Every structure is written in C-alpha cells, then in structure tokens.
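The file coords.txt contains compact mmCIF, C-alpha atoms:
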```
# COMPACT_ATOMS: atom_id res chain seq x y z
CA MET D 23 8.22 36.10 -4.58
CA PRO D 24 7.04 35.04 -8.02
CA GLU D 25 5.17 31.78 -8.13
CA ALA D 26 7.37 28.78 -8.80
CA LYS D 27 6.79 27.05 -12.10
CA ARG D 28 4.68 23.94 -11.68
CA SER D 29 4.72 20.75 -13.66
CA ASP D 30 1.70 20.74 -15.99
CA TRP D 31 0.09 17.67 -14.48
CA LEU D 32 0.69 18.54 -10.85
CA PRO D 33 -1.10 19.09 -8.67
CA GLY D 34 -4.12 21.38 -8.52
CA PRO D 35 -7.04 20.73 -6.20
CA TRP D 36 -8.18 17.84 -8.42
CA GLY D 37 -4.84 16.11 -7.86
CA TYR D 38 -5.20 16.34 -4.12
CA VAL D 39 -8.81 15.06 -4.25
CA LEU D 40 -7.75 12.20 -6.51
CA ASN D 41 -4.94 11.32 -4.10
CA ARG D 42 -7.39 11.21 -1.18
CA ALA D 43 -9.81 9.06 -3.16
CA ALA D 44 -7.15 6.60 -4.32
CA VAL D 45 -5.35 6.09 -1.01
CA PRO D 46 -7.92 3.65 0.48
CA LEU D 47 -7.34 1.35 -2.49
CA VAL D 48 -3.74 0.74 -1.35
CA PRO D 49 -3.46 -0.37 2.31
CA PHE D 50 -0.82 1.48 4.27
CA GLY D 51 1.15 -1.68 4.97
CA LEU D 52 1.26 -2.49 1.25
CA ALA D 53 2.43 1.04 0.47
CA TYR D 54 5.30 0.52 2.90
CA ARG D 55 6.24 -2.83 1.34
CA LEU D 56 6.23 -1.32 -2.14
CA ALA D 57 8.40 1.59 -0.97
CA LEU D 58 11.23 -0.38 0.64
CA PRO D 59 12.76 -1.80 -2.58
CA TRP D 60 12.89 1.73 -3.96
CA GLY D 61 14.90 2.75 -0.90
CA ASP D 62 17.41 -0.02 -1.60
CA PHE D 63 17.50 0.94 -5.28
CA ALA D 64 18.14 4.61 -4.43
CA TYR D 65 20.94 3.62 -2.05
CA GLY D 66 22.59 1.76 -4.89
CA ILE D 67 22.40 4.44 -7.59
CA TRP D 68 22.20 7.82 -5.79
CA THR D 69 25.93 7.91 -5.19
CA SER D 70 26.35 11.50 -4.02
CA LYS D 71 23.64 11.29 -1.36
CA ARG D 72 24.78 7.83 -0.24
CA GLU D 73 28.33 9.05 0.31
CA THR D 74 27.13 12.18 2.11
CA ALA D 75 25.01 10.07 4.44
CA ARG D 76 27.92 7.74 5.14
CA ARG D 77 30.27 10.65 5.90
CA ASN D 78 27.77 12.08 8.34
CA TYR D 79 27.15 8.75 10.05
CA ALA D 80 30.91 8.18 10.30
CA ARG D 81 31.21 11.53 12.06
CA ILE D 82 28.39 10.67 14.47
CA LEU D 83 29.75 7.22 15.29
CA GLY D 84 33.44 8.05 15.26
CA ARG D 85 34.07 5.25 12.77
CA SER D 86 35.45 4.82 9.28
CA VAL D 87 33.19 5.67 6.36
CA ASN D 88 33.72 2.05 5.28
CA ASP D 89 32.70 0.57 8.63
CA PRO D 90 29.88 -2.01 8.29
CA LEU D 91 27.74 -0.18 10.86
CA VAL D 92 28.04 3.06 8.89
CA ASN D 93 26.97 1.20 5.76
CA ARG D 94 23.99 -0.40 7.53
CA LEU D 95 22.82 2.94 8.90
CA GLY D 96 23.17 4.55 5.48
CA ARG D 97 21.05 1.84 3.86
CA ALA D 98 18.46 2.04 6.65
CA CYS D 99 18.31 5.82 6.20
CA PHE D 100 17.41 5.42 2.51
CA ARG D 101 14.76 2.84 3.39
CA HIS D 102 13.20 5.18 5.93
CA PHE D 103 13.26 7.96 3.35
CA ALA D 104 11.33 5.70 0.96
CA LEU D 105 8.74 5.18 3.71
CA TYR D 106 8.54 8.95 4.09
CA ILE D 107 7.72 9.31 0.39
CA ALA D 108 4.97 6.70 0.79
CA GLU D 109 3.63 8.67 3.74
CA MET D 110 3.70 11.91 1.76
CA ILE D 111 1.21 10.30 -0.62
CA HIS D 112 -0.77 8.16 1.82
CA VAL D 113 -1.31 10.52 4.77
CA GLN D 114 -3.19 12.92 2.49
CA GLY D 115 -6.03 10.36 2.51
CA TRP D 116 -6.28 10.08 6.28
CA ASP D 117 -9.07 11.64 8.26
CA ASN D 118 -8.50 13.09 11.72
CA GLN D 119 -9.47 9.91 13.52
CA THR D 120 -7.01 7.83 11.51
CA VAL D 121 -4.19 10.19 12.49
CA LEU D 122 -5.20 9.99 16.15
CA ASP D 123 -5.50 6.19 16.06
CA ARG D 124 -1.98 5.80 14.67
CA LEU D 125 -0.29 8.51 16.72
CA GLN D 126 0.94 8.60 20.30
CA ILE D 127 1.99 12.02 21.58
CA GLU D 128 4.70 12.62 24.17
CA GLY D 129 4.77 16.16 25.57
CA ASP D 130 1.54 17.55 24.12
CA GLU D 131 1.26 19.74 27.21
CA HIS D 132 4.22 21.77 25.97
CA PHE D 133 2.04 23.19 23.21
CA ASP D 134 -0.35 24.43 25.91
CA GLU D 135 2.55 26.05 27.76
CA ALA D 136 3.78 27.74 24.57
CA GLU D 137 0.28 29.02 23.79
CA SER D 138 0.03 30.61 27.23
CA TYR D 139 2.55 33.31 26.22
CA GLY D 140 0.11 34.64 23.62
CA ARG D 141 2.85 35.39 21.07
CA GLY D 142 2.34 32.60 18.56
CA ILE D 143 4.70 29.61 18.34
CA ILE D 144 7.95 29.06 16.45
CA PHE D 145 7.96 25.34 15.68
CA THR D 146 11.30 23.78 14.78
CA SER D 147 11.83 20.31 13.41
CA ALA D 148 14.18 18.41 11.12
CA HIS D 149 14.32 16.13 8.09
CA MET D 150 13.59 13.15 10.29
CA GLY D 151 10.87 10.56 10.86
CA SER D 152 7.53 11.48 9.31
CA PRO D 153 7.13 15.22 8.64
CA GLU D 154 3.68 14.44 7.19
CA VAL D 155 2.44 13.00 10.47
CA ALA D 156 4.07 15.81 12.47
CA ALA D 157 2.31 18.37 10.26
CA SER D 158 -1.00 16.52 10.67
CA LEU D 159 -0.62 16.69 14.46
CA VAL D 160 -0.09 20.43 14.37
CA ILE D 161 -3.02 20.94 11.99
CA LEU D 162 -5.24 18.88 14.30
CA ARG D 163 -4.53 21.40 17.06
CA GLY D 164 -6.03 24.09 14.86
CA TYR D 165 -2.87 26.01 13.93
CA ARG D 166 -2.40 27.89 10.71
CA ILE D 167 1.22 27.39 9.73
CA THR D 168 3.64 29.54 7.78
CA SER D 169 6.72 27.47 7.01
CA VAL D 170 10.15 28.48 5.80
CA ALA D 171 11.23 25.88 3.27
CA GLU D 172 14.13 25.30 0.94
CA ARG D 173 13.48 24.16 -2.61
CA PHE D 174 14.51 20.67 -3.60
CA GLY D 175 14.43 18.49 -6.69
CA PRO D 176 13.16 16.88 -8.73
CA GLN D 177 10.63 19.57 -9.64
CA PHE D 178 7.60 17.27 -9.60
CA ALA D 179 8.40 16.26 -6.00
CA MET D 180 8.62 19.91 -4.96
CA ASP D 181 5.33 20.64 -6.76
CA TRP D 182 3.64 17.78 -4.94
CA ALA D 183 4.99 18.83 -1.54
CA VAL D 184 3.87 22.44 -2.07
CA ALA D 185 0.38 21.35 -3.12
CA CYS D 186 -0.02 18.93 -0.22
CA ARG D 187 1.11 21.56 2.27
CA ALA D 188 -1.22 24.14 0.77
CA ARG D 189 -4.24 21.81 1.01
CA MET D 190 -3.33 21.16 4.65
CA GLY D 191 -3.36 24.92 5.31
CA ILE D 192 0.42 25.39 5.36
CA THR D 193 1.91 28.38 3.57
CA LEU D 194 5.47 27.86 2.31
CA LEU D 195 7.83 30.83 2.10
CA PRO D 196 11.47 31.10 1.00
CA ALA D 197 14.07 31.54 3.73
CA ALA D 198 15.26 34.86 2.29
CA GLY D 199 13.10 38.00 2.48
CA SER D 200 10.25 36.54 4.54
CA ALA D 201 11.00 38.00 8.00
CA ILE D 202 8.17 40.58 7.99
CA LYS D 203 5.60 37.96 6.98
CA LEU D 204 6.80 35.63 9.72
CA VAL D 205 6.55 38.33 12.40
CA ARG D 206 3.04 39.21 11.23
CA ALA D 207 1.98 35.56 11.40
CA LEU D 208 3.21 35.35 15.00
CA ARG D 209 1.39 38.56 15.91
CA ARG D 210 -1.79 36.84 14.69
CA ARG D 211 -0.88 34.06 17.18
CA GLN D 212 -0.23 31.61 14.39
CA MET D 213 2.63 29.16 14.03
CA VAL D 214 5.84 29.64 12.09
CA ALA D 215 7.86 26.52 11.23
CA PHE D 216 11.52 25.93 10.42
CA VAL D 217 13.73 22.94 9.75
CA VAL D 218 17.12 23.16 11.44
CA ASP D 219 19.25 20.59 9.61
CA VAL D 220 19.65 22.40 6.30
CA GLY D 221 23.40 21.79 6.12
CA VAL D 222 26.37 24.10 6.35
CA ASP D 223 26.18 25.57 2.85
CA LYS D 224 23.01 27.64 3.22
CA GLY D 225 24.41 30.67 5.06
CA GLY D 226 22.66 32.63 7.79
CA GLY D 227 23.86 30.29 10.50
CA VAL D 228 25.33 30.47 13.98
CA PRO D 229 28.14 28.19 15.24
CA VAL D 230 27.05 25.32 17.49
CA THR D 231 28.49 22.08 18.78
CA PHE D 232 26.71 19.03 17.35
CA PHE D 233 27.88 15.53 18.27
CA GLY D 234 31.04 17.07 19.71
CA HIS D 235 32.03 18.93 16.52
CA ARG D 236 31.52 22.47 15.33
CA THR D 237 28.95 23.19 12.64
CA VAL D 238 26.33 25.84 11.95
CA PHE D 239 22.58 25.77 12.45
CA PRO D 240 20.10 28.34 11.07
CA VAL D 241 19.86 31.47 13.23
CA GLY D 242 16.37 32.38 11.99
CA PRO D 243 14.36 30.75 14.82
CA ALA D 244 16.48 32.41 17.52
CA ARG D 245 16.39 35.85 15.88
CA LEU D 246 12.66 35.62 15.35
CA ALA D 247 12.10 34.55 18.96
CA ARG D 248 13.99 37.62 20.19
CA ILE D 249 12.10 40.01 17.92
CA SER D 250 8.64 38.58 18.56
CA GLY D 251 8.84 37.19 22.09
CA ALA D 252 7.38 33.93 20.77
CA PRO D 253 8.56 30.64 22.30
CA ILE D 254 10.37 28.02 20.25
CA VAL D 255 9.08 24.44 20.38
CA PHE D 256 11.08 21.57 18.90
CA GLY D 257 9.16 18.49 17.83
CA LEU D 258 9.03 15.60 15.41
CA ALA D 259 7.20 12.34 14.73
CA VAL D 260 9.08 9.05 14.39
CA ARG D 261 7.99 5.68 13.07
CA ARG D 262 7.11 2.77 15.27
CA PRO D 263 6.27 -0.82 14.27
CA GLY D 264 2.87 -1.58 12.78
CA GLY D 265 2.43 1.66 10.85
CA ARG D 266 2.24 3.74 14.01
CA PHE D 267 4.03 6.90 15.07
CA LEU D 268 5.31 8.62 18.19
CA ALA D 269 5.38 12.42 18.30
CA HIS D 270 7.84 14.12 20.63
CA ILE D 271 7.08 17.71 21.67
CA CYS D 272 9.79 19.46 23.72
CA PRO D 273 9.40 22.21 26.35
CA PRO D 274 9.40 25.79 25.01
CA ILE D 275 12.66 27.69 24.60
CA LEU D 276 12.54 31.44 25.27
CA SER D 277 14.85 34.20 24.15
CA ASN D 278 16.81 35.94 26.93
CA ARG D 279 16.74 39.67 26.24
CA GLU D 280 19.24 40.32 29.03
CA LEU D 281 21.93 38.81 26.84
CA ASP D 282 23.72 40.41 23.93
CA PRO D 283 21.68 39.59 20.78
CA ASP D 284 24.43 37.47 19.24
CA GLU D 285 25.04 35.53 22.44
CA ASP D 286 21.31 35.04 22.90
CA ALA D 287 21.05 33.67 19.37
CA ARG D 288 24.00 31.34 19.98
CA GLN D 289 22.59 29.96 23.23
CA VAL D 290 19.08 29.44 21.86
CA THR D 291 20.39 27.74 18.73
CA GLN D 292 22.68 25.51 20.79
CA ARG D 293 19.71 24.39 22.87
CA ILE D 294 17.85 23.47 19.68
CA ALA D 295 20.92 21.57 18.44
CA ASP D 296 21.16 19.69 21.75
CA LEU D 297 17.53 18.61 21.57
CA PHE D 298 17.93 17.47 17.98
CA GLU D 299 21.12 15.56 18.80
CA GLY D 300 19.25 13.64 21.48
CA PHE D 301 16.66 12.44 18.98
CA VAL D 302 19.30 11.50 16.40
CA ARG D 303 20.98 9.35 19.05
CA ARG D 304 17.67 7.60 19.69
CA TYR D 305 16.57 7.22 16.05
CA PRO D 306 19.69 7.55 13.87
CA ALA D 307 18.29 5.71 10.84
CA GLN D 308 15.27 8.02 10.69
CA TRP D 309 17.39 11.11 10.06
CA TYR D 310 17.56 11.95 6.33
CA VAL D 311 21.14 13.08 6.53
CA PHE D 312 21.73 13.81 2.84
CA ARG D 313 23.39 17.20 3.46
CA GLU D 314 26.92 17.93 4.60
CA MET D 315 26.40 18.70 8.28
CA TRP D 316 29.95 19.50 9.41
CA PRO D 317 32.54 21.87 8.00
CA ASP D 318 36.18 20.81 8.00
CA ASP D 319 36.99 21.19 11.67
CA GLY D 320 40.15 19.15 11.54
CA TRP D 321 38.55 15.87 12.62
CA PRO D 322 39.72 13.21 10.15
CA LEU D 323 37.26 10.92 8.44
CA TRP D 324 39.23 7.71 8.14
CA GLU D 325 39.16 6.01 4.80
CA GLY D 326 40.52 2.65 5.92
```
As structure tokens, what does this structure read like?
Amino acid sequence: MPEAKRSDWLPGPWGYVLNRAAVPLVPFGLAYRLALPWGDFAYGIWTSKRETARRNYARILGRSVNDPLVNRLGRACFRHFALYIAEMIHVQGWDNQTVLDRLQIEGDEHFDEAESYGRGIIFTSAHMGSPEVAASLVILRGYRITSVAERFGPQFAMDWAVACRARMGITLLPAAGSAIKLVRALRRRQMVAFVVDVGVDKGGGVPVTFFGHRTVFPVGPARLARISGAPIVFGLAVRRPGGRFLAHICPPILSNRELDPDEDARQVTQRIADLFEGFVRRYPAQWYVFREMWPDDGWPLWEG
C-alpha cells in the first residue's frame, strides 16, 4: 500500500518527542477539564454524528430518539470522546510505571492462557473507553502489534494517530489486502488487532444479533482464527474516577474446525458481539457510537 500523505507539520519523531516533553507541563486532570467543553461544543455542531449516536442509543434503549435519556447519553458520549482525544495526546508522555499506577487489570490471566497455544493472539476491541491505555497495556506485556485500521478524518488526526501508534511499536494496515501479512505476524507469535464496531457499511461482515437486532460485524477475526489456529481475545480499557482506568480482558475464543467454515465464522463472531454487548450495557456512554450500527431490520425508531 502506498504511504498515506501526511500533513507537513505532523508528526515525525520530533513531534512525538516534543509531545512527551510537553505533557508533564499540563497535569492530566487539567487536560480532562480543558477537553470537556470541546465535547459539549462538538455535540452542538457535529450534527450528523450527534444524530447517528442518538439513533443508536435509541435502538439500544428501546426509546424514542427524542427521549431525554437518549439525549443525555449522546452528550455524555461526546464528552467521553473528548477525554479520549486528551488521552491520545497525554498518554504518549507516560512511562511504564505511570500506566501501571493508573491501571487496574481484570482478567490478565487470559493473556497467559492465549499465549499457551503458541499461535500468536488475535486481539479484538472497539471504539470504546481509552484505546490509548488499552494499547499501552498490551505494549507493556511485550507484544509487537499489527493492527487493521480504517482511515478517518480530519487528516491531521489520522496522521497523529498513525505516528503515535508507530512510536508505540504498532503497525497499522488497511483492512483490504492485508491477510498474508496478518498470518505471518501470527506465525511469528505476535499480536494482530481488530476493532469490531466499524458499522454496517464497510462490507466483509457476518450477520449477528446485537442488542436483540440483526446487524453485521467484521468476519476478519473469525476467518483469521480458523486459518491460523490463533485464539481471539476481546479486551478494552474504560475510565474510572480520578484519572484511573480498568482494563477488561476476556477468555480466549477458539475456532471450531469441526464446523462448516461459514457457521464457524458466524458462531465466533456472535460470541465477540455478545462480549461487546455486555460491556456496552455496563459503560454505554463510553462507546463512541458515531457509526450506523444496525441495518433496517423493520424495528421502528419512533420520532415522537
């Protein structure tokens, strides 16, 4: 794949070093306080994403898109997203001990179980909580990560994300045409990472039930697990009060080669969707639900 065009000022190694040097000058709590008004501002002006978030929350809650609870969750979602942007900048300045001091891990033993298969690990997560902290946790365990990522705008934000990931040792690949590279990474007992909530318009999906309604989730993790024999681990890191985080690591999911390949893919993907649904129920406002997650399955979204 040809290299994506980068903004002129962003962000070579000097940018990353400058970020790390500048972060201690702005306390983490202050960074959070500065971010929150931007979340409220974005909720007010970013109409398309606001309405998408409200439609998705209405589907989850079984309420009208104009219900006050739907509106509160939508606003809270934008505020959490603003905190995520602050973390994207701030976490680059943390050393290992700072990450460990701020992070509690639930299910760390599941990484050990996944490693015991000797086939690498397929790590799945979602646009939820703090991806920066989740990535830091994985890096602390010594993994080299190859991640399948979609491009997003604006361009400078994508440039910054790519540079930060690269300096953390994460290689980003496009979803299309990367299968051979992913298999090779697993054969080297490395980690391959996917996000599963990319919306219904990306293609390459398998039907699942999510919050009681049909949608599609990416089939890539399940197909790769069948080809490689690698286990799938779902995990994420969510925010807690006081600038702290809780990482959830779920038990490994294995492909069942006794099943027809399509049925195996469907069952594995459904298990991933079920795990993700459980976390959305626990932390709904920390899901950045700016993509259409359900096709028209006949369930009406009330307007009144």
Within 12 Å of Arg124 of chain D using all atoms listed in the file, minus same-chain residues under 3 positions, as a list in words: Phe50, Val113, Trp116, Asp117, Asn118, Gln119, Thr120, Val121, Ile127, Val155, Ala156, Ser158, Leu159, Ala259, Val260, Arg261, Arg262, Pro263, Gly264, Gly265, Arg266, Phe267, Leu268 and Ala269 of chain D
May I have the residues within 9 Å of Ala148 of chain D as a PDB file with C-alpha atoms, keeping the file's coordinate frame, using all atoms listed in the file and disregarding those fewer than 4 positions away in the same chain?
```pdb
ATOM      1  CA  PRO D 153       7.130  15.220   8.640  1.00  0.00           C
ATOM      2  CA  PHE D 216      11.520  25.930  10.420  1.00  0.00           C
ATOM      3  CA  VAL D 217      13.730  22.940   9.750  1.00  0.00           C
ATOM      4  CA  VAL D 218      17.120  23.160  11.440  1.00  0.00           C
ATOM      5  CA  ASP D 219      19.250  20.590   9.610  1.00  0.00           C
ATOM      6  CA  VAL D 220      19.650  22.400   6.300  1.00  0.00           C
ATOM      7  CA  PHE D 256      11.080  21.570  18.900  1.00  0.00           C
ATOM      8  CA  GLY D 257       9.160  18.490  17.830  1.00  0.00           C
ATOM      9  CA  LEU D 258       9.030  15.600  15.410  1.00  0.00           C
ATOM     10  CA  PHE D 298      17.930  17.470  17.980  1.00  0.00           C
ATOM     11  CA  TRP D 309      17.390  11.110  10.060  1.00  0.00           C
ATOM     12  CA  TYR D 310      17.560  11.950   6.330  1.00  0.00           C
TER      13      TYR D 310
END
```
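A straight line drawn from atom CA of Ile143 of chain D to atom CA of Pro229 of chain D is 23.7 Å long.
The space separating atom CA of Ala104 of chain D from atom CA of Ala57 of chain D comes to 5.4 Å.
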Between atom CA of Phe63 of chain D and atom CA of Arg101 of chain D, measure the distance and give it in Å to one decimal. 9.3 Å
Local residues around (7.6, 23.8, 14.3), at most 12 Å away, using only C-alpha atoms, as a PyMOL selection string: chain D and resi 133+136+142-149+153+156-161+165-171+192+212-218+243+253-259+270-272+274+294
From the options D:Asp284, D:Leu208, D:Arg303, D:Pro273, which residue's atoms come nearest to Glu128 of chain D, counting only C-alpha atoms? D:Pro273
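With only C-alpha atoms as the atoms that count, the residue of D:Ile107, D:Ala244, D:Ile82, D:Ala207 with the shortest distance to Leu195 of chain D is D:Ala207.
Nearest residue to Gly140 of chain D, choosing from D:Leu52, D:Leu91, D:Ala75, D:Ala252 and counting only C-alpha atoms: D:Ala252.
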For segment 67-173 of chain D of the structure just presented, write C-alpha atoms to a file, as a PDB file, in the first residue's frame.
```pdb
ATOM      1  CA  ILE D  67     -22.282  21.471  15.982  1.00  0.00           C
ATOM      2  CA  TRP D  68     -21.418  17.966  14.686  1.00  0.00           C
ATOM      3  CA  THR D  69     -24.981  17.278  13.655  1.00  0.00           C
ATOM      4  CA  SER D  70     -24.506  14.105  11.608  1.00  0.00           C
ATOM      5  CA  LYS D  71     -22.549  12.279  14.308  1.00  0.00           C
ATOM      6  CA  ARG D  72     -24.873  13.511  17.057  1.00  0.00           C
ATOM      7  CA  GLU D  73     -27.925  12.169  15.242  1.00  0.00           C
ATOM      8  CA  THR D  74     -26.197   8.862  14.487  1.00  0.00           C
ATOM      9  CA  ALA D  75     -25.295   8.453  18.150  1.00  0.00           C
ATOM     10  CA  ARG D  76     -28.862   9.229  19.213  1.00  0.00           C
ATOM     11  CA  ARG D  77     -30.316   6.718  16.729  1.00  0.00           C
ATOM     12  CA  ASN D  78     -28.007   4.028  18.041  1.00  0.00           C
ATOM     13  CA  TYR D  79     -28.766   4.802  21.681  1.00  0.00           C
ATOM     14  CA  ALA D  80     -32.492   4.801  20.903  1.00  0.00           C
ATOM     15  CA  ARG D  81     -32.095   1.318  19.426  1.00  0.00           C
ATOM     16  CA  ILE D  82     -30.179   0.102  22.483  1.00  0.00           C
ATOM     17  CA  LEU D  83     -32.650   1.546  24.976  1.00  0.00           C
ATOM     18  CA  GLY D  84     -35.844   0.894  23.043  1.00  0.00           C
ATOM     19  CA  ARG D  85     -36.802   4.556  23.360  1.00  0.00           C
ATOM     20  CA  SER D  86     -37.564   7.494  21.099  1.00  0.00           C
ATOM     21  CA  VAL D  87     -34.642   9.338  19.553  1.00  0.00           C
ATOM     22  CA  ASN D  88     -36.027  12.415  21.334  1.00  0.00           C
ATOM     23  CA  ASP D  89     -36.165  10.767  24.753  1.00  0.00           C
ATOM     24  CA  PRO D  90     -34.247  12.766  27.416  1.00  0.00           C
ATOM     25  CA  LEU D  91     -32.188   9.707  28.390  1.00  0.00           C
ATOM     26  CA  VAL D  92     -31.104   9.215  24.772  1.00  0.00           C
ATOM     27  CA  ASN D  93     -30.072  12.859  24.631  1.00  0.00           C
ATOM     28  CA  ARG D  94     -28.114  12.608  27.897  1.00  0.00           C
ATOM     29  CA  LEU D  95     -26.271   9.513  26.720  1.00  0.00           C
ATOM     30  CA  GLY D  96     -25.454  11.166  23.405  1.00  0.00           C
ATOM     31  CA  ARG D  97     -23.988  14.207  25.145  1.00  0.00           C
ATOM     32  CA  ALA D  98     -22.047  12.014  27.580  1.00  0.00           C
ATOM     33  CA  CYS D  99     -20.671  10.023  24.648  1.00  0.00           C
ATOM     34  CA  PHE D 100     -19.246  13.190  23.061  1.00  0.00           C
ATOM     35  CA  ARG D 101     -17.726  14.226  26.388  1.00  0.00           C
ATOM     36  CA  HIS D 102     -16.040  10.849  26.768  1.00  0.00           C
ATOM     37  CA  PHE D 103     -14.765  11.136  23.205  1.00  0.00           C
ATOM     38  CA  ALA D 104     -13.196  14.487  24.098  1.00  0.00           C
ATOM     39  CA  LEU D 105     -11.457  12.785  27.031  1.00  0.00           C
ATOM     40  CA  TYR D 106     -10.197  10.141  24.613  1.00  0.00           C
ATOM     41  CA  ILE D 107      -8.622  12.843  22.434  1.00  0.00           C
ATOM     42  CA  ALA D 108      -6.924  14.280  25.534  1.00  0.00           C
ATOM     43  CA  GLU D 109      -5.632  10.801  26.351  1.00  0.00           C
ATOM     44  CA  MET D 110      -4.336  10.332  22.814  1.00  0.00           C
ATOM     45  CA  ILE D 111      -2.046  13.296  23.444  1.00  0.00           C
ATOM     46  CA  HIS D 112      -1.312  12.812  27.141  1.00  0.00           C
ATOM     47  CA  VAL D 113      -0.657   9.068  27.390  1.00  0.00           C
ATOM     48  CA  GLN D 114       2.266   9.431  24.975  1.00  0.00           C
ATOM     49  CA  GLY D 115       4.130  11.139  27.837  1.00  0.00           C
ATOM     50  CA  TRP D 116       3.567   8.376  30.378  1.00  0.00           C
ATOM     51  CA  ASP D 117       6.263   5.976  31.417  1.00  0.00           C
ATOM     52  CA  ASN D 118       5.512   2.347  32.230  1.00  0.00           C
ATOM     53  CA  GLN D 119       5.114   2.971  35.940  1.00  0.00           C
ATOM     54  CA  THR D 120       2.570   5.731  35.367  1.00  0.00           C
ATOM     55  CA  VAL D 121       0.464   3.371  33.246  1.00  0.00           C
ATOM     56  CA  LEU D 122       0.648   0.683  35.929  1.00  0.00           C
ATOM     57  CA  ASP D 123      -0.203   3.136  38.718  1.00  0.00           C
ATOM     58  CA  ARG D 124      -3.345   4.308  36.919  1.00  0.00           C
ATOM     59  CA  LEU D 125      -4.494   0.943  35.589  1.00  0.00           C
ATOM     60  CA  GLN D 126      -6.295  -1.962  37.218  1.00  0.00           C
ATOM     61  CA  ILE D 127      -6.478  -5.139  35.144  1.00  0.00           C
ATOM     62  CA  GLU D 128      -9.317  -7.651  35.284  1.00  0.00           C
ATOM     63  CA  GLY D 129      -8.576 -10.952  33.538  1.00  0.00           C
ATOM     64  CA  ASP D 130      -4.860 -10.547  32.828  1.00  0.00           C
ATOM     65  CA  GLU D 131      -4.520 -14.318  33.188  1.00  0.00           C
ATOM     66  CA  HIS D 132      -6.432 -14.739  29.931  1.00  0.00           C
ATOM     67  CA  PHE D 133      -3.444 -13.374  28.037  1.00  0.00           C
ATOM     68  CA  ASP D 134      -1.349 -16.152  29.601  1.00  0.00           C
ATOM     69  CA  GLU D 135      -3.911 -18.728  28.509  1.00  0.00           C
ATOM     70  CA  ALA D 136      -3.941 -17.349  24.959  1.00  0.00           C
ATOM     71  CA  GLU D 137      -0.134 -17.390  24.817  1.00  0.00           C
ATOM     72  CA  SER D 138      -0.071 -21.051  25.800  1.00  0.00           C
ATOM     73  CA  TYR D 139      -1.422 -22.054  22.361  1.00  0.00           C
ATOM     74  CA  GLY D 140       1.766 -20.749  20.718  1.00  0.00           C
ATOM     75  CA  ARG D 141      -0.088 -19.346  17.691  1.00  0.00           C
ATOM     76  CA  GLY D 142       0.019 -15.620  18.389  1.00  0.00           C
ATOM     77  CA  ILE D 143      -3.045 -13.691  19.571  1.00  0.00           C
ATOM     78  CA  ILE D 144      -5.888 -12.018  17.690  1.00  0.00           C
ATOM     79  CA  PHE D 145      -6.882  -9.095  19.905  1.00  0.00           C
ATOM     80  CA  THR D 146     -10.300  -7.565  19.308  1.00  0.00           C
ATOM     81  CA  SER D 147     -11.596  -4.358  20.805  1.00  0.00           C
ATOM     82  CA  ALA D 148     -13.929  -1.486  19.967  1.00  0.00           C
ATOM     83  CA  HIS D 149     -14.178   2.292  19.763  1.00  0.00           C
ATOM     84  CA  MET D 150     -14.813   2.465  23.472  1.00  0.00           C
ATOM     85  CA  GLY D 151     -13.175   3.753  26.646  1.00  0.00           C
ATOM     86  CA  SER D 152      -9.479   4.537  26.250  1.00  0.00           C
ATOM     87  CA  PRO D 153      -7.844   2.743  23.306  1.00  0.00           C
ATOM     88  CA  GLU D 154      -4.583   4.508  24.226  1.00  0.00           C
ATOM     89  CA  VAL D 155      -4.487   2.907  27.658  1.00  0.00           C
ATOM     90  CA  ALA D 156      -5.531  -0.482  26.247  1.00  0.00           C
ATOM     91  CA  ALA D 157      -2.694  -0.270  23.716  1.00  0.00           C
ATOM     92  CA  SER D 158      -0.249   0.703  26.470  1.00  0.00           C
ATOM     93  CA  LEU D 159      -1.266  -2.372  28.463  1.00  0.00           C
ATOM     94  CA  VAL D 160      -0.609  -4.664  25.531  1.00  0.00           C
ATOM     95  CA  ILE D 161       2.733  -2.996  24.788  1.00  0.00           C
ATOM     96  CA  LEU D 162       3.743  -3.416  28.438  1.00  0.00           C
ATOM     97  CA  ARG D 163       3.313  -7.170  28.011  1.00  0.00           C
ATOM     98  CA  GLY D 164       5.957  -7.064  25.295  1.00  0.00           C
ATOM     99  CA  TYR D 165       3.763  -7.674  22.238  1.00  0.00           C
ATOM    100  CA  ARG D 166       4.503  -6.352  18.798  1.00  0.00           C
ATOM    101  CA  ILE D 167       1.163  -5.438  17.286  1.00  0.00           C
ATOM    102  CA  THR D 168      -0.071  -5.358  13.720  1.00  0.00           C
ATOM    103  CA  SER D 169      -3.425  -3.604  13.650  1.00  0.00           C
ATOM    104  CA  VAL D 170      -6.089  -3.441  10.983  1.00  0.00           C
ATOM    105  CA  ALA D 171      -7.410   0.111  10.967  1.00  0.00           C
ATOM    106  CA  GLU D 172      -9.850   2.170   8.964  1.00  0.00           C
ATOM    107  CA  ARG D 173      -8.912   5.672   7.906  1.00  0.00           C
TER     108      ARG D 173
END
```
